[in-house]
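Written out below as structure tokens is the structure these notes cover.
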Number of protein chains: 4
Amino acid sequence: MKVLVDLSIVPLGVGVSLSSYVAVCEKVLKDAGLKTALHAYGTNIEGEWDAVFAAVKCCHEVLHGMGVPRVSATLRVGTRVDREQSLEDKVRSVEEKMK
Amino acid sequence: MKVLVDLSIVPLGVGVSLSSYVAVCEKVLKDAGLKTALHAYGTNIEGEWDAVFAAVKCCHEVLHGMGVPRVSATLRVGTRVDREQSLEDKVRSVEEKMK
Amino acid sequence: MKVLVDLSIVPLGVGVSLSSYVAVCEKVLKDAGLKTALHAYGTNIEGEWDAVFAAVKCCHEVLHGMGVPRVSATLRVGTRVDREQSLEDKVRSVEEKMK
Amino acid sequence: MKVLVDLSIVPLGVGVSLSSYVAVCEKVLKDAGLKTALHAYGTNIEGEWDAVFAAVKCCHEVLHGMGVPRVSATLRVGTRVDREQSLEDKVRSVEEKMK
């Protein structure tokens with residue numbers, strides 16, 4: 001089952017500068033071979049369900065391994081069986097309607 | 001790794017009455033042996049990471065099997081390594097501060 | 001326009017013990033006269049749109065006033081015009097389907 | 001108070017093709033003079049708190065005016081008082097750490 005996810009990871013207990021932790025998670029997702037697109041409030045991820053969620057778990061584990069005591073993430077998770085849809089399809093579909 | 005999740009599942013393409021679909025997901029989570037607490041906007045879930053996310057995947061699969069073409073979920077996901085914390089601990093901790 | 005909201009507020013830069021901050025927000029919401037229901041991962045809120053979002057803004061302002069440098073919140077926001085629905089209706093509706 | 005928001009709006013009861021509704025909301029946000037950035041799972045918004053949330057309310061109202069019976073949105077909401085930060089700052093900050 002393919003899934004599109006929007007992931008926002010917030011490490012807690014390490015102050016207010018979080019970008020270095022987010023960068024590590026970006027690397028984890030890329031190393032997992034997933035298609036990703038970074039935005040100002042999270043990362044779009046496209047892939048097979050098991051691969052995507054294994055990578056999300058890995059993000060939590062890697063952050064804890066770096067000494068982060070608490071990790072809070074929010075995910076939007078979309079699956080559909082009526083047709084294939086990529087991350088680019090979703091953006092293009094909206095942009096075409098805006099013309 | 002233990003995880004606390006707040007899951008809100010929205011089936012798309014099946015009209016505006018969603019409670020029967022949510023009830024099916026509640027059953028999936030309970031059958032998986034997970035501790036859950038239903039609220040008006042989702043379900044708190046407590047368990048081991050792999051068991052929790054296997055059950056979330058199962059929710060998506062069961063809904064699609066019921067004919068739902070598209071499933072949109074939002075999850076809050078929390079892990080911590082500084083100490084154990086249950087769903088009840090979190091609520092109690094806030095309530096004590098409100099006295 | 002009536003709205004049902006699920007609010008989860010995470011103060012950043014103040015360590016990992018967040019319950020006292022959440023308790024302050026609970027008080028802000030109650031003082032605003034809103035119907036609320038606390039759960040382990042947030043607070044359900046029911047009210048008129050403007051009143052609810054004024055209270056959410058107040059939560060951010062009060063936390064910053066307490067010295068919190070950064071506040072990250074996630075909200076689920078639902079409006080419907082087909083019929084009235086309260087927080088209790090939503091829970092009851094699912095529980096009836098589970099019998 | 002400035003705020004950065006990530007908004008994902010899901011109209012319910014209108015089938016599975018949602019992009020035309022999302023496009024209308026994009027127009028509402030732009031007409032409100034807000035800085036926005038569309039991604040595959042929502043829209044980043046930057047602006048003053050009151051202007052941003054007035055526009056979000058307007059999105060709900062416009063969708064209901066188009067005949068959408070039920071609207072479900074998820075928002076990530078960030079405020080900070082330690083320093084100014086734009087949408088571009090957030091992305092750049094992560095990208096620099098990834099080099």
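Here, A, B, ... name the chains of the structure tokens in the order displayed, residue numbers run from 1 inside each chain, and ligands are numbered from 1 in the same displayed order.
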
Which chain A residues are at most 12 Å from chain B (counting only C-alpha atoms), as a ChimeraX atom specification? /A:1-13,48-50,52-54,56-85

So that I can check the secondary structure, give me every residue of chain C assigned helix (DSSP H, G or I) by backbone DSSP, as number ranges by chain. C: 19-31, 49-65, 87-98

Residue contacts of range 31-41 of chain A (7 Å, only C-alpha atoms) excluding same-chain residues fewer than 5 positions away, as number ranges by chain: A: 8, 46-47, 55; D: 6, 44, 87-88, 90-91

Mobile chain D placed on reference chain A by ordered C-alpha fit, as an mmCIF file with N, CA and C atoms, in the first residue's frame:
```cif
data_model
loop_
_atom_site.group_PDB
_atom_site.id
_atom_site.type_symbol
_atom_site.label_atom_id
_atom_site.label_comp_id
_atom_site.auth_asym_id
_atom_site.auth_seq_id
_atom_site.Cartn_x
_atom_site.Cartn_y
_atom_site.Cartn_z
ATOM 1 N N MET D 1 0.892 -1.200 0.040
ATOM 2 C CA MET D 1 0.029 -0.016 0.018
ATOM 3 C C MET D 1 0.897 1.234 0.023
ATOM 4 N N LYS D 2 0.684 2.076 -0.974
ATOM 5 C CA LYS D 2 1.439 3.320 -1.069
ATOM 6 C C LYS D 2 0.826 4.350 -0.123
ATOM 7 N N VAL D 3 1.676 5.255 0.371
ATOM 8 C CA VAL D 3 1.174 6.264 1.293
ATOM 9 C C VAL D 3 1.878 7.597 1.030
ATOM 10 N N LEU D 4 1.114 8.663 1.187
ATOM 11 C CA LEU D 4 1.703 10.009 1.190
ATOM 12 C C LEU D 4 1.594 10.537 2.612
ATOM 13 N N VAL D 5 2.743 10.987 3.141
ATOM 14 C CA VAL D 5 2.778 11.441 4.528
ATOM 15 C C VAL D 5 3.342 12.853 4.584
ATOM 16 N N ASP D 6 2.823 13.639 5.504
ATOM 17 C CA ASP D 6 3.450 14.916 5.821
ATOM 18 C C ASP D 6 3.895 14.837 7.270
ATOM 19 N N LEU D 7 5.202 14.920 7.463
ATOM 20 C CA LEU D 7 5.794 14.694 8.786
ATOM 21 C C LEU D 7 6.411 15.975 9.338
ATOM 22 N N SER D 8 6.060 16.300 10.577
ATOM 23 C CA SER D 8 6.687 17.421 11.269
ATOM 24 C C SER D 8 7.198 16.898 12.606
ATOM 25 N N ILE D 9 8.508 16.947 12.794
ATOM 26 C CA ILE D 9 9.105 16.385 14.010
ATOM 27 C C ILE D 9 9.611 17.506 14.909
ATOM 28 N N VAL D 10 9.216 17.477 16.177
ATOM 29 C CA VAL D 10 9.635 18.501 17.133
ATOM 30 C C VAL D 10 10.361 17.839 18.302
ATOM 31 N N PRO D 11 11.686 18.024 18.397
ATOM 32 C CA PRO D 11 12.427 17.511 19.545
ATOM 33 C C PRO D 11 12.177 18.417 20.759
ATOM 34 N N LEU D 12 11.923 17.821 21.911
ATOM 35 C CA LEU D 12 11.654 18.604 23.130
ATOM 36 C C LEU D 12 12.798 18.427 24.128
ATOM 37 N N GLY D 13 13.088 19.495 24.840
ATOM 38 C CA GLY D 13 14.122 19.415 25.863
ATOM 39 C C GLY D 13 15.504 19.744 25.345
ATOM 40 N N VAL D 14 15.563 20.340 24.142
ATOM 41 C CA VAL D 14 16.862 20.704 23.565
ATOM 42 C C VAL D 14 16.881 22.161 23.112
ATOM 43 N N GLY D 15 16.046 22.989 23.726
ATOM 44 C CA GLY D 15 16.039 24.402 23.373
ATOM 45 C C GLY D 15 15.137 24.711 22.203
ATOM 46 N N VAL D 16 15.345 25.886 21.612
ATOM 47 C CA VAL D 16 14.423 26.359 20.573
ATOM 48 C C VAL D 16 14.974 26.250 19.153
ATOM 49 N N SER D 17 16.250 25.891 19.019
ATOM 50 C CA SER D 17 16.825 25.774 17.676
ATOM 51 C C SER D 17 16.769 24.321 17.240
ATOM 52 N N LEU D 18 15.861 24.026 16.342
ATOM 53 C CA LEU D 18 15.539 22.638 16.036
ATOM 54 C C LEU D 18 16.038 22.200 14.664
ATOM 55 N N SER D 19 16.550 23.135 13.870
ATOM 56 C CA SER D 19 16.840 22.824 12.468
ATOM 57 C C SER D 19 17.905 21.743 12.308
ATOM 58 N N SER D 20 18.881 21.668 13.214
ATOM 59 C CA SER D 20 19.911 20.631 13.044
ATOM 60 C C SER D 20 19.294 19.243 13.256
ATOM 61 N N TYR D 21 18.307 19.152 14.121
ATOM 62 C CA TYR D 21 17.622 17.868 14.334
ATOM 63 C C TYR D 21 16.741 17.517 13.129
ATOM 64 N N VAL D 22 16.091 18.513 12.601
ATOM 65 C CA VAL D 22 15.266 18.279 11.411
ATOM 66 C C VAL D 22 16.151 17.828 10.244
ATOM 67 N N ALA D 23 17.333 18.420 10.141
ATOM 68 C CA ALA D 23 18.259 18.054 9.056
ATOM 69 C C ALA D 23 18.680 16.591 9.178
ATOM 70 N N VAL D 24 18.907 16.134 10.385
ATOM 71 C CA VAL D 24 19.255 14.722 10.597
ATOM 72 C C VAL D 24 18.115 13.816 10.129
ATOM 73 N N CYS D 25 16.903 14.211 10.436
ATOM 74 C CA CYS D 25 15.744 13.406 10.008
ATOM 75 C C CYS D 25 15.608 13.407 8.488
ATOM 76 N N GLU D 26 15.876 14.536 7.868
ATOM 77 C CA GLU D 26 15.857 14.578 6.401
ATOM 78 C C GLU D 26 16.822 13.550 5.830
ATOM 79 N N LYS D 27 17.997 13.465 6.466
ATOM 80 C CA LYS D 27 19.012 12.520 5.985
ATOM 81 C C LYS D 27 18.528 11.073 6.182
ATOM 82 N N VAL D 28 17.886 10.826 7.305
ATOM 83 C CA VAL D 28 17.348 9.483 7.559
ATOM 84 C C VAL D 28 16.344 9.101 6.464
ATOM 85 N N LEU D 29 15.473 10.034 6.128
ATOM 86 C CA LEU D 29 14.440 9.763 5.123
ATOM 87 C C LEU D 29 15.063 9.533 3.742
ATOM 88 N N LYS D 30 16.049 10.343 3.418
ATOM 89 C CA LYS D 30 16.699 10.191 2.114
ATOM 90 C C LYS D 30 17.488 8.885 2.049
ATOM 91 N N ASP D 31 18.189 8.568 3.138
ATOM 92 C CA ASP D 31 18.960 7.317 3.176
ATOM 93 C C ASP D 31 18.034 6.100 3.033
ATOM 94 N N ALA D 32 16.780 6.282 3.405
ATOM 95 C CA ALA D 32 15.818 5.185 3.273
ATOM 96 C C ALA D 32 15.290 5.074 1.840
ATOM 97 N N GLY D 33 15.765 5.977 0.980
ATOM 98 C CA GLY D 33 15.370 5.895 -0.426
ATOM 99 C C GLY D 33 13.984 6.431 -0.711
ATOM 100 N N LEU D 34 13.454 7.214 0.232
ATOM 101 C CA LEU D 34 12.097 7.744 0.049
ATOM 102 C C LEU D 34 12.120 9.054 -0.721
ATOM 103 N N LYS D 35 11.069 9.301 -1.463
ATOM 104 C CA LYS D 35 10.935 10.601 -2.121
ATOM 105 C C LYS D 35 10.430 11.595 -1.087
ATOM 106 N N THR D 36 11.113 12.724 -0.956
ATOM 107 C CA THR D 36 10.717 13.703 0.054
ATOM 108 C C THR D 36 10.711 15.103 -0.536
ATOM 109 N N ALA D 37 9.964 15.982 0.105
ATOM 110 C CA ALA D 37 9.968 17.397 -0.268
ATOM 111 C C ALA D 37 9.849 18.204 1.021
ATOM 112 N N LEU D 38 10.896 18.940 1.313
ATOM 113 C CA LEU D 38 10.930 19.756 2.536
ATOM 114 C C LEU D 38 10.123 21.038 2.340
ATOM 115 N N HIS D 39 9.326 21.388 3.364
ATOM 116 C CA HIS D 39 8.706 22.715 3.351
ATOM 117 C C HIS D 39 8.913 23.349 4.711
ATOM 118 N N ALA D 40 8.371 24.546 4.902
ATOM 119 C CA ALA D 40 8.700 25.300 6.111
ATOM 120 C C ALA D 40 8.134 24.678 7.384
ATOM 121 N N TYR D 41 7.218 23.747 7.241
ATOM 122 C CA TYR D 41 6.569 23.205 8.438
ATOM 123 C C TYR D 41 6.572 21.688 8.468
ATOM 124 N N GLY D 42 7.483 21.074 7.696
ATOM 125 C CA GLY D 42 7.522 19.619 7.700
ATOM 126 C C GLY D 42 8.101 19.096 6.409
ATOM 127 N N THR D 43 7.848 17.825 6.178
ATOM 128 C CA THR D 43 8.397 17.161 5.000
ATOM 129 C C THR D 43 7.341 16.251 4.396
ATOM 130 N N ASN D 44 7.088 16.414 3.119
ATOM 131 C CA ASN D 44 6.223 15.467 2.391
ATOM 132 C C ASN D 44 7.036 14.219 2.087
ATOM 133 N N ILE D 45 6.440 13.064 2.262
ATOM 134 C CA ILE D 45 7.115 11.793 2.013
ATOM 135 C C ILE D 45 6.193 10.913 1.167
ATOM 136 N N GLU D 46 6.784 10.260 0.181
ATOM 137 C CA GLU D 46 6.012 9.329 -0.656
ATOM 138 C C GLU D 46 6.717 7.984 -0.678
ATOM 139 N N GLY D 47 5.965 6.912 -0.475
ATOM 140 C CA GLY D 47 6.597 5.595 -0.525
ATOM 141 C C GLY D 47 5.633 4.496 -0.114
ATOM 142 N N GLU D 48 6.172 3.296 -0.018
ATOM 143 C CA GLU D 48 5.377 2.179 0.475
ATOM 144 C C GLU D 48 5.185 2.329 1.988
ATOM 145 N N TRP D 49 4.041 1.925 2.487
ATOM 146 C CA TRP D 49 3.703 2.135 3.901
ATOM 147 C C TRP D 49 4.820 1.673 4.846
ATOM 148 N N ASP D 50 5.253 0.419 4.690
ATOM 149 C CA ASP D 50 6.211 -0.115 5.653
ATOM 150 C C ASP D 50 7.536 0.643 5.613
ATOM 151 N N ALA D 51 7.987 1.001 4.426
ATOM 152 C CA ALA D 51 9.255 1.723 4.305
ATOM 153 C C ALA D 51 9.148 3.116 4.927
ATOM 154 N N VAL D 52 8.018 3.769 4.690
ATOM 155 C CA VAL D 52 7.840 5.123 5.225
ATOM 156 C C VAL D 52 7.823 5.102 6.752
ATOM 157 N N PHE D 53 7.052 4.164 7.323
ATOM 158 C CA PHE D 53 6.935 4.179 8.782
ATOM 159 C C PHE D 53 8.172 3.611 9.482
ATOM 160 N N ALA D 54 8.908 2.752 8.799
ATOM 161 C CA ALA D 54 10.207 2.329 9.338
ATOM 162 C C ALA D 54 11.140 3.539 9.425
ATOM 163 N N ALA D 55 11.084 4.400 8.424
ATOM 164 C CA ALA D 55 11.950 5.580 8.419
ATOM 165 C C ALA D 55 11.519 6.592 9.484
ATOM 166 N N VAL D 56 10.215 6.727 9.683
ATOM 167 C CA VAL D 56 9.733 7.645 10.720
ATOM 168 C C VAL D 56 10.190 7.150 12.096
ATOM 169 N N LYS D 57 10.081 5.842 12.315
ATOM 170 C CA LYS D 57 10.561 5.262 13.574
ATOM 171 C C LYS D 57 12.057 5.527 13.742
ATOM 172 N N CYS D 58 12.789 5.364 12.654
ATOM 173 C CA CYS D 58 14.232 5.596 12.683
ATOM 174 C C CYS D 58 14.543 7.046 13.069
ATOM 175 N N CYS D 59 13.746 7.994 12.585
ATOM 176 C CA CYS D 59 13.944 9.400 12.971
ATOM 177 C C CYS D 59 13.848 9.555 14.490
ATOM 178 N N HIS D 60 12.815 8.974 15.081
ATOM 179 C CA HIS D 60 12.667 9.056 16.535
ATOM 180 C C HIS D 60 13.878 8.428 17.231
ATOM 181 N N GLU D 61 14.279 7.253 16.764
ATOM 182 C CA GLU D 61 15.395 6.545 17.402
ATOM 183 C C GLU D 61 16.701 7.325 17.281
ATOM 184 N N VAL D 62 16.940 7.884 16.110
ATOM 185 C CA VAL D 62 18.185 8.637 15.901
ATOM 186 C C VAL D 62 18.211 9.882 16.784
ATOM 187 N N LEU D 63 17.076 10.576 16.880
ATOM 188 C CA LEU D 63 17.029 11.766 17.736
ATOM 189 C C LEU D 63 17.282 11.387 19.193
ATOM 190 N N HIS D 64 16.641 10.330 19.667
ATOM 191 C CA HIS D 64 16.890 9.902 21.048
ATOM 192 C C HIS D 64 18.359 9.521 21.215
ATOM 193 N N GLY D 65 18.933 8.895 20.196
ATOM 194 C CA GLY D 65 20.354 8.533 20.243
ATOM 195 C C GLY D 65 21.267 9.747 20.333
ATOM 196 N N MET D 66 20.771 10.881 19.829
ATOM 197 C CA MET D 66 21.533 12.140 19.907
ATOM 198 C C MET D 66 21.329 12.834 21.254
ATOM 199 N N GLY D 67 20.526 12.221 22.124
ATOM 200 C CA GLY D 67 20.340 12.808 23.445
ATOM 201 C C GLY D 67 19.046 13.578 23.615
ATOM 202 N N VAL D 68 18.171 13.537 22.616
ATOM 203 C CA VAL D 68 16.883 14.222 22.744
ATOM 204 C C VAL D 68 15.982 13.395 23.660
ATOM 205 N N PRO D 69 15.539 13.965 24.792
ATOM 206 C CA PRO D 69 14.766 13.158 25.743
ATOM 207 C C PRO D 69 13.347 12.859 25.279
ATOM 208 N N ARG D 70 12.799 13.746 24.471
ATOM 209 C CA ARG D 70 11.374 13.626 24.123
ATOM 210 C C ARG D 70 11.173 14.109 22.689
ATOM 211 N N VAL D 71 10.451 13.342 21.924
ATOM 212 C CA VAL D 71 10.201 13.701 20.526
ATOM 213 C C VAL D 71 8.696 13.714 20.281
ATOM 214 N N SER D 72 8.213 14.831 19.737
ATOM 215 C CA SER D 72 6.793 14.981 19.427
ATOM 216 C C SER D 72 6.650 15.203 17.926
ATOM 217 N N ALA D 73 5.923 14.331 17.267
ATOM 218 C CA ALA D 73 5.752 14.466 15.824
ATOM 219 C C ALA D 73 4.281 14.570 15.480
ATOM 220 N N THR D 74 3.987 15.251 14.376
ATOM 221 C CA THR D 74 2.628 15.211 13.838
ATOM 222 C C THR D 74 2.722 14.741 12.397
ATOM 223 N N LEU D 75 1.775 13.863 12.042
ATOM 224 C CA LEU D 75 1.772 13.293 10.701
ATOM 225 C C LEU D 75 0.391 13.410 10.077
ATOM 226 N N ARG D 76 0.370 13.789 8.813
ATOM 227 C CA ARG D 76 -0.827 13.609 8.001
ATOM 228 C C ARG D 76 -0.535 12.412 7.112
ATOM 229 N N VAL D 77 -1.474 11.502 7.040
ATOM 230 C CA VAL D 77 -1.246 10.228 6.359
ATOM 231 C C VAL D 77 -2.384 9.976 5.375
ATOM 232 N N GLY D 78 -2.052 9.804 4.113
ATOM 233 C CA GLY D 78 -3.092 9.587 3.110
ATOM 234 C C GLY D 78 -2.855 8.341 2.280
ATOM 235 N N THR D 79 -3.895 7.506 2.206
ATOM 236 C CA THR D 79 -3.858 6.355 1.299
ATOM 237 C C THR D 79 -5.098 6.413 0.416
ATOM 238 N N ARG D 80 -4.962 5.915 -0.808
ATOM 239 C CA ARG D 80 -6.130 5.859 -1.675
ATOM 240 C C ARG D 80 -6.005 4.670 -2.612
ATOM 241 N N VAL D 81 -7.143 4.078 -2.918
ATOM 242 C CA VAL D 81 -7.149 2.893 -3.773
ATOM 243 C C VAL D 81 -7.878 3.151 -5.086
ATOM 244 N N ASP D 82 -8.392 4.377 -5.240
ATOM 245 C CA ASP D 82 -9.132 4.671 -6.478
ATOM 246 C C ASP D 82 -8.185 4.972 -7.637
ATOM 247 N N ARG D 83 -7.009 5.519 -7.305
ATOM 248 C CA ARG D 83 -6.032 5.798 -8.363
ATOM 249 C C ARG D 83 -4.688 6.117 -7.746
ATOM 250 N N GLU D 84 -3.655 6.062 -8.563
ATOM 251 C CA GLU D 84 -2.309 6.449 -8.154
ATOM 252 C C GLU D 84 -2.231 7.969 -8.049
ATOM 253 N N GLN D 85 -1.504 8.463 -7.073
ATOM 254 C CA GLN D 85 -1.301 9.909 -6.984
ATOM 255 C C GLN D 85 0.038 10.188 -6.308
ATOM 256 N N SER D 86 0.881 10.945 -6.975
ATOM 257 C CA SER D 86 2.188 11.289 -6.408
ATOM 258 C C SER D 86 2.117 12.643 -5.713
ATOM 259 N N LEU D 87 3.176 12.982 -4.991
ATOM 260 C CA LEU D 87 3.270 14.305 -4.374
ATOM 261 C C LEU D 87 3.118 15.398 -5.439
ATOM 262 N N GLU D 88 3.808 15.216 -6.563
ATOM 263 C CA GLU D 88 3.749 16.241 -7.632
ATOM 264 C C GLU D 88 2.334 16.342 -8.205
ATOM 265 N N ASP D 89 1.660 15.192 -8.344
ATOM 266 C CA ASP D 89 0.280 15.208 -8.841
ATOM 267 C C ASP D 89 -0.603 16.103 -7.977
ATOM 268 N N LYS D 90 -0.413 15.994 -6.650
ATOM 269 C CA LYS D 90 -1.279 16.749 -5.746
ATOM 270 C C LYS D 90 -1.084 18.253 -5.922
ATOM 271 N N VAL D 91 0.176 18.676 -6.003
ATOM 272 C CA VAL D 91 0.449 20.106 -6.164
ATOM 273 C C VAL D 91 -0.053 20.584 -7.523
ATOM 274 N N ARG D 92 0.255 19.808 -8.575
ATOM 275 C CA ARG D 92 -0.119 20.202 -9.934
ATOM 276 C C ARG D 92 -1.644 20.331 -10.051
ATOM 277 N N SER D 93 -2.330 19.395 -9.413
ATOM 278 C CA SER D 93 -3.776 19.365 -9.484
ATOM 279 C C SER D 93 -4.394 20.646 -8.929
ATOM 280 N N VAL D 94 -3.840 21.138 -7.824
ATOM 281 C CA VAL D 94 -4.336 22.398 -7.248
ATOM 282 C C VAL D 94 -3.941 23.576 -8.131
ATOM 283 N N GLU D 95 -2.694 23.576 -8.581
ATOM 284 C CA GLU D 95 -2.210 24.718 -9.366
ATOM 285 C C GLU D 95 -2.991 24.883 -10.670
ATOM 286 N N GLU D 96 -3.373 23.770 -11.278
ATOM 287 C CA GLU D 96 -4.154 23.863 -12.527
ATOM 288 C C GLU D 96 -5.520 24.493 -12.289
ATOM 289 N N LYS D 97 -6.093 24.196 -11.119
ATOM 290 C CA LYS D 97 -7.414 24.758 -10.792
ATOM 291 C C LYS D 97 -7.331 26.250 -10.475
ATOM 292 N N MET D 98 -6.123 26.731 -10.184
ATOM 293 C CA MET D 98 -5.976 28.135 -9.797
ATOM 294 C C MET D 98 -5.788 29.049 -11.005
ATOM 295 N N LYS D 99 -5.578 28.472 -12.172
ATOM 296 C CA LYS D 99 -5.316 29.291 -13.373
ATOM 297 C C LYS D 99 -6.550 30.096 -13.764
#
```

Out of chain C, which residues get strand (DSSP E) from DSSP, as a ChimeraX atom specification? /C:2-12,35-39,42-48,70-80
